[in-house]
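In what follows, a single structure is set out as structure tokens and then discussed.
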Amino acid sequence: MEIFLTYLKVFLVGGLICVIGQLLINYTKMTSSRILVIFLLLGAFLETIGVYKYIEEFGKAGATVPILGFGSSLAKGAIKGALSEGFLGALRGGIESVAVGFAGVIVIAFIVGLLARPKTKQ
Amino acid sequence: MNEPNQEYLKLVRKTMPKTKHFSTLLRAFLVGGTICSIGQGINDIYTLVFKDMPKEDITAITLLTIIFITAVLTGFGVYDKIGAFGGAGSIIPITGFANAVVSPAMERKQEGIILGLCDNMFSVAGPVIVFGISSSVLVGIIALIFKSWFI
């Protein structure tokens with residue numbers, strides 16, 4: 001029962017974040033690039049003011065899988081770095097916290113790009 | 001006799017986009033929620049397998065796994081179909097970011113590996129990376145200045 005409740009919360013939080021994004025698309029006709037940037041910045045902002053950790057506690061993957069989670073870990077890493085190492089930590093912390101994701105995206109995209117054939121050309 | 005017709009048309013015009021509007025919202029909710037639930041499932045499996053790993057690392061390899069799955073689905077042209085159905089539900093999860101990197105890389109391959117594939121990989125992801133890193137440095141500097149707020 002508890003596991004069902006967890007997944008319900010994950011579904012609700014993740015789904016609602018996407019509904020907010022869909023509302024933005026419907027009303028402003030924004031491109032996906034802008035939507036991604038806005039949600040990333042929103043995640044960083046919510047982390048900085050200390051709100052995102054509560055959303056994450058409640059929504060689990062519903063809060064970490066959306067791009068908001070990327071923004072939140074960037075801000076979280078930068079704050080942690082700044083407090084423990086000063087100026088260099090402020091520069092290093094953000095990138096370090098998302099390094100696995102960024103490096104993963106770039107390498108995997110490069111390999112898939114080399115191997116796959118574009119659908120439009122068939 | 002024309003007047004009621006026009007009123008009817010007005011009413012139709014008013015309500016038509018709304019129904020469409022609602023269906024896009026519902027699909028975004030379903031697809032976004034499903035992707036996040038799959039993420040939670042992968043997260044739970046990793047938590048069981050790697051018992052000593054810290055929570056942040058579990059999250060990192062979960063995201064890495066989702067990125068990998070998305071890249072493969074994009075390679076086979078499946079993610080485009082999910083995207084056409086899910087709208088924002090397929091853009092806002094990390095899968096949308098991965099798709100936005102892989103998709104242009106695939107499509108521009110004919111123009112060459114460096115100028116086609118590598119250059120276009122960042123046509124959507126570039127702004128995300130620039131804003132992401134800039135905002136993190138800004139937040140870091142704010143944390144340096146107002147240390148007491150963050151401890």
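Just remember, in the structure tokens the first chain shown is A, the second B, etc., residues are 1-based per chain, and ligands are 1-based in the order shown.
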
Which of region 36-142 of chain B end up as alpha helix (DSSP H) when DSSP is run on this backbone - answer as a ChimeraX atom specification?
/B:36-49,55-75,78-86,88-91,94-107,119-120,122-142

What residues in chain B have any atom no more than 6 Å from chain A when counting only C-alpha atoms, and can you write them as a PyMOL selection string?
chain B and resi 25+28-29+32-33+36-37+39-40+64+75+88-89+92-94+102+105-107+124+128+136-137+140+143-144

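Coordinates place CA of Val49 (chain B) at a distance of 25.1 Å from CA of Leu73 (chain B).
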
For Gly126 (chain B), work out the shell of residues within 10 Å, counting only C-alpha atoms and skipping chain neighbours fewer than 4 positions away, then give it as a list of chain:residue names.
A:Ser33, A:Val37, B:Val101, B:Asn120, B:Met121, B:Phe122, B:Val130, B:Phe131, B:Gly132

Go ahead and dump the residues you just picked, C-alpha atoms, as a PDB file, in the first residue's frame.
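The result, written out as selection-v7.pdb:
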ATOM      1  CA  SER A  33      14.363  25.172 -26.004  1.00  0.00           C
ATOM      2  CA  VAL A  37      15.573  26.915 -20.041  1.00  0.00           C
TER       3      VAL A  37
ATOM      4  CA  VAL B 101      20.513  16.437 -28.064  1.00  0.00           C
ATOM      5  CA  ASN B 120      23.924  20.521 -34.172  1.00  0.00           C
ATOM      6  CA  MET B 121      23.924  18.422 -31.018  1.00  0.00           C
ATOM      7  CA  PHE B 122      23.742  21.680 -29.047  1.00  0.00           C
ATOM      8  CA  VAL B 130      24.687  28.136 -20.900  1.00  0.00           C
ATOM      9  CA  PHE B 131      21.791  29.196 -18.644  1.00  0.00           C
ATOM     10  CA  GLY B 132      22.284  26.244 -16.322  1.00  0.00           C
TER      11      GLY B 132
END
